Each structure stands twice: as structure tokens, then as C-alpha cells.
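Enquirer: The structure under discussion is supplied below as C-alpha cells; questions concerning it will follow.
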Amino acid sequence: MLIKTRRRSDVLPSEITPESIYRDRRRFLQTSALAAAGSLLAPGWASAKPMEALEPLGKIAKSDYSTDEPRNSYEDITTYNNFYEFGSGKEDPSRYAPDRLDHRPWTVTISGEAENTGEMALDDFMQGLTLEERVYRLRCVEGWSMVIPWAGVSLADVIRRAAPTSRAKYVKFYTKYDPQTFPAQAARGMSFLASIDWPYTEGLRMDEAMNPLSFLATGLYGKEIPSQNGAPIRLVVPWKYGFKSIKSVVRIHFQETEPECTWNLLQPDEYGFYANVNPNVDHPRWSQAQERRIGEFFKRDTLMFNGYEEEVAHLYAGMDLAKHY
Ligand code: MTE
């Protein structure tokens, strides 16, 4: 999700340089950028600590919504991440989050246009909800994808329990705001991380949120979800680009108007509110027609709505998806 503006006619380094060299260079640039941001951050930012201990989740029901495509390895899923609160490199979340993100205890607040509002301990929030496994494809707007076996609960069940009023047309999600935990939230100056309007927020239209595919994940591969993947609870919306799947959620807010969300605020011409996976609508700086499944060499064609067309296409009937990107 780099946001340097580029004219359509510009040539990407990836178009003139072998991929491996380009990737190394990009990693170097990201590391340098982070080092620059890191100098603005509290001491301890750079200390790598061992992986956290994660408990098995117990009984998890299987779901018809799961794909039977081969799953990415635990290693892939937990070491190649986007979690900008910990830096912009793919390895930053697994390097820093397990040590820095203290997610026990955790509370979730329901607010806005709903009858049952208030703050709840996560254990109470989870009471009475059915824990399910959902093996979903995740497609990042950057052009990579994975298949991930999440465990968690249906967002629709959470919403029904909150009892939204008739004025609730949208749901907005907030990641925790805590600059002590998330160094990037304390970034200052001209850095990319400082330009983000923290905390990270995302939103869905109410009918999207109520779709049976919308999911709140608390687990991965049968165990608690690791910090770098959004512990202890994160949204998963598999037919949308990965940036909609907000991590480490502390607030679910019902409102009448379309929410302002992090990427949409930062770069509205690149990241729309809907962000449905769509191979026919290119990102202004790159094509969305294909993707690289992490662990595979050749690219594959990207599927409309990330392969979930049957379940979600009706939500957008009559809408111009090039306009509502
Ligand atoms: N949530 C928060 N709070 N911060 C982030 O930077 N990155 C998003 C999304 N959720 C992000 C976030 C992006 S761009 C992607 S692709 C997915 O998380 C990646 O999820 P994963 O690291 O579990 O694969």
C-alpha cells in the first residue's frame, strides 16, 4: 500500500528489473524508510522478541463457506503481513507485534445506532456465539493472495445481538489507539506512517456486514490468532481487498452515513470505500487482473469478488463498479 503518486505512463521498477532484484530493492527501501521513522519512535522499537504462546481454541465447527483450495502454511500466514501500526515492511508485524501487542485482557465496544451498546470484555463478547472455521482466500490490493484457515464468529450474529436501529446504514470498525503499543501511531514528521490518520478504521454497508461471509476471526489454524494477524479479534471480508479486513478491533460503531476509513481518506483515488476485488478495474498504478499466491511462482487470474461472486454479487446489482471501486 505504498502511496507515492505515479502517472499512468510512468514505468514501474518491476517492469524494467528482474522481479527478485526489484523485490530486494523494495525491501531495502522499506527498511530504510522504517529506520527513518524508527528514529522518531520510543526506544525498544527495534527489539525482536520470541513468538507468543497461543492457546488451542477447542471445538470449532466446519463451515460450508470454506474453500478446499490448498492452505498457505502457518509460516507464510504469520510472517508475511501488513500491519502498518508496526511498520511498513512485511516482516515488521511478526518481528514486533508478538512482544508489543498485549491483548489480554481486551474489550470491545458497541456504539452508535444500536439498542445494545456498551463495552464488553472479549470473553463476554464471545459468549453464546458459535466458533466456526472459515478457510478463505485473502487477496491484497498489492497483488498477492493466500488461503487462510481462520476460526471465529459470524459478524451477522454479532450485529443481530447489538440490535441496530433503523438509522444504522453502515458499520465502522476501529483498531485500538495506543501509541505505546503501536510505534507507528507515535510517528511524527514527514514519514509515510505519520501521514496515516490513526487509529486504523474500516467500514461496511449494513447489508455487506450482514452477509454470511463477513467474519470476525479470533483464531488461525485452530489456535488463538497471533498478534501480527490482528489479535485478539479482526474482521475478515473475503470478497474485498485485504485492507478492509481490519485488525485488533476495539470498537464496532453503527451509523447512518458512509464512514470515513483509513486508506480511503489517505488516497481516495486509489482506495475506494467498497474495495471489492475486481480484475476488471485496475488500481491507478497497477493492474488487478492477476495475483501471485504466496508460495507459488506463476501468477494466476484474479477472480471477480475474489471467487465469491455467487454469495455477494447481488449486493451490488445496478451499481457501476468502476465508479464505486
Ligand atoms: N489492520 C490494521 N489495523 N492495520 C493494518 O495495517 N492492513 C490491512 C489489513 N488489516 C492492516 C489491517 C491489509 S493492507 C491487509 S492486506 C491485511 O490486513 C493483511 O492481513 P494479514 O497480515 O493477516 O495477511
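By convention in this document, the chains of the C-alpha cells carry letters A, B, ... by their order, each chain's residues are numbered from 1, and ligands are numbered from 1 in the order they are shown.
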Throw together the list of residues within 9 Å of ligand 1, counting only C-alpha atoms and all ligand atoms, and drop it here as a ChimeraX atom specification.
Expert: /A:1,76-88,90,93,138-142,144-146,148,174-176,199-202,228-230,234-236,241-249,263
Enquirer: Give me the residues within 7 Å of range 275-278 of chain A as an MDAnalysis selection string, counting only C-alpha atoms and dropping any in the same chain fewer than 2 places off.
Expert: chainID A and resid 239:241 271:273 280:281 288 304:306 325
Enquirer: With distances taken over only C-alpha atoms, which of A:Asp197, A:Pro279, A:Arg285, A:Ser73 is nearest to Gln185 in chain A?
Expert: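 Distance minimum relative to Gln185 in chain A lands on A:Asp197.
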Enquirer: With only C-alpha atoms as the counted atoms, please give the residues lying no more than 8 Å from Gln290 in chain A, apart from itself and same-chain residues fewer than 2 positions off, as a list in words.
Expert: Gly143, Pro279, Ser287, Gln288, Arg292, Lys299, Arg300, Asp301 and Thr302 of chain A
Enquirer: Rank nothing, just name the residue among A:Met190, A:Met206, A:Ala156, A:Val250 nearest to Glu119 in chain A, using only C-alpha atoms.
Expert: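 Using only C-alpha atoms, Glu119 in chain A sits closest to A:Val250.
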Enquirer: Quick one: DSSP helix (DSSP H, G or I) residues in range 52-253 of chain A, as a count of residues only?
Expert: 49
Enquirer: So that I can check the surroundings of Asn211 in chain A, please list as a ChimeraX atom specification every protein, DNA and RNA residue that reaches within 10 Å of it, counting only C-alpha atoms and ignoring chain neighbours fewer than 3 positions away.
Expert: /A:154-156,206-208,214-215,237,311-312,315
Enquirer: Pick from A:Tyr274, A:Phe297, A:Tyr65, A:Phe182: nearest to Ala322 in chain A, with only C-alpha atoms counted?
Expert: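 Under the stated criterion, the closest residue is A:Tyr274.
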Enquirer: Can you list, as a list in words, every protein, DNA or RNA residue that comes within 7 Å of Trp106 in chain A when you count only C-alpha atoms, leaving out same-chain residues fewer than 2 positions away?
Expert: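 The residues satisfying every condition are His103, Arg104, Val108, Ala121 and Leu122 of chain A.
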Enquirer: With C-alpha atoms retained, write the just-selected residues as a PDB file, in the first residue's frame.
Expert:
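File part_17.pdb, as written:
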ATOM      1  CA  HIS A 103      -4.152  -8.352  24.026  1.00  0.00           C
ATOM      2  CA  ARG A 104      -5.112  -9.947  27.335  1.00  0.00           C
ATOM      3  CA  VAL A 108     -14.834  -4.464  22.501  1.00  0.00           C
ATOM      4  CA  ALA A 121     -14.681  -7.980  27.905  1.00  0.00           C
ATOM      5  CA  LEU A 122     -13.794 -10.124  24.883  1.00  0.00           C
TER       6      LEU A 122
END
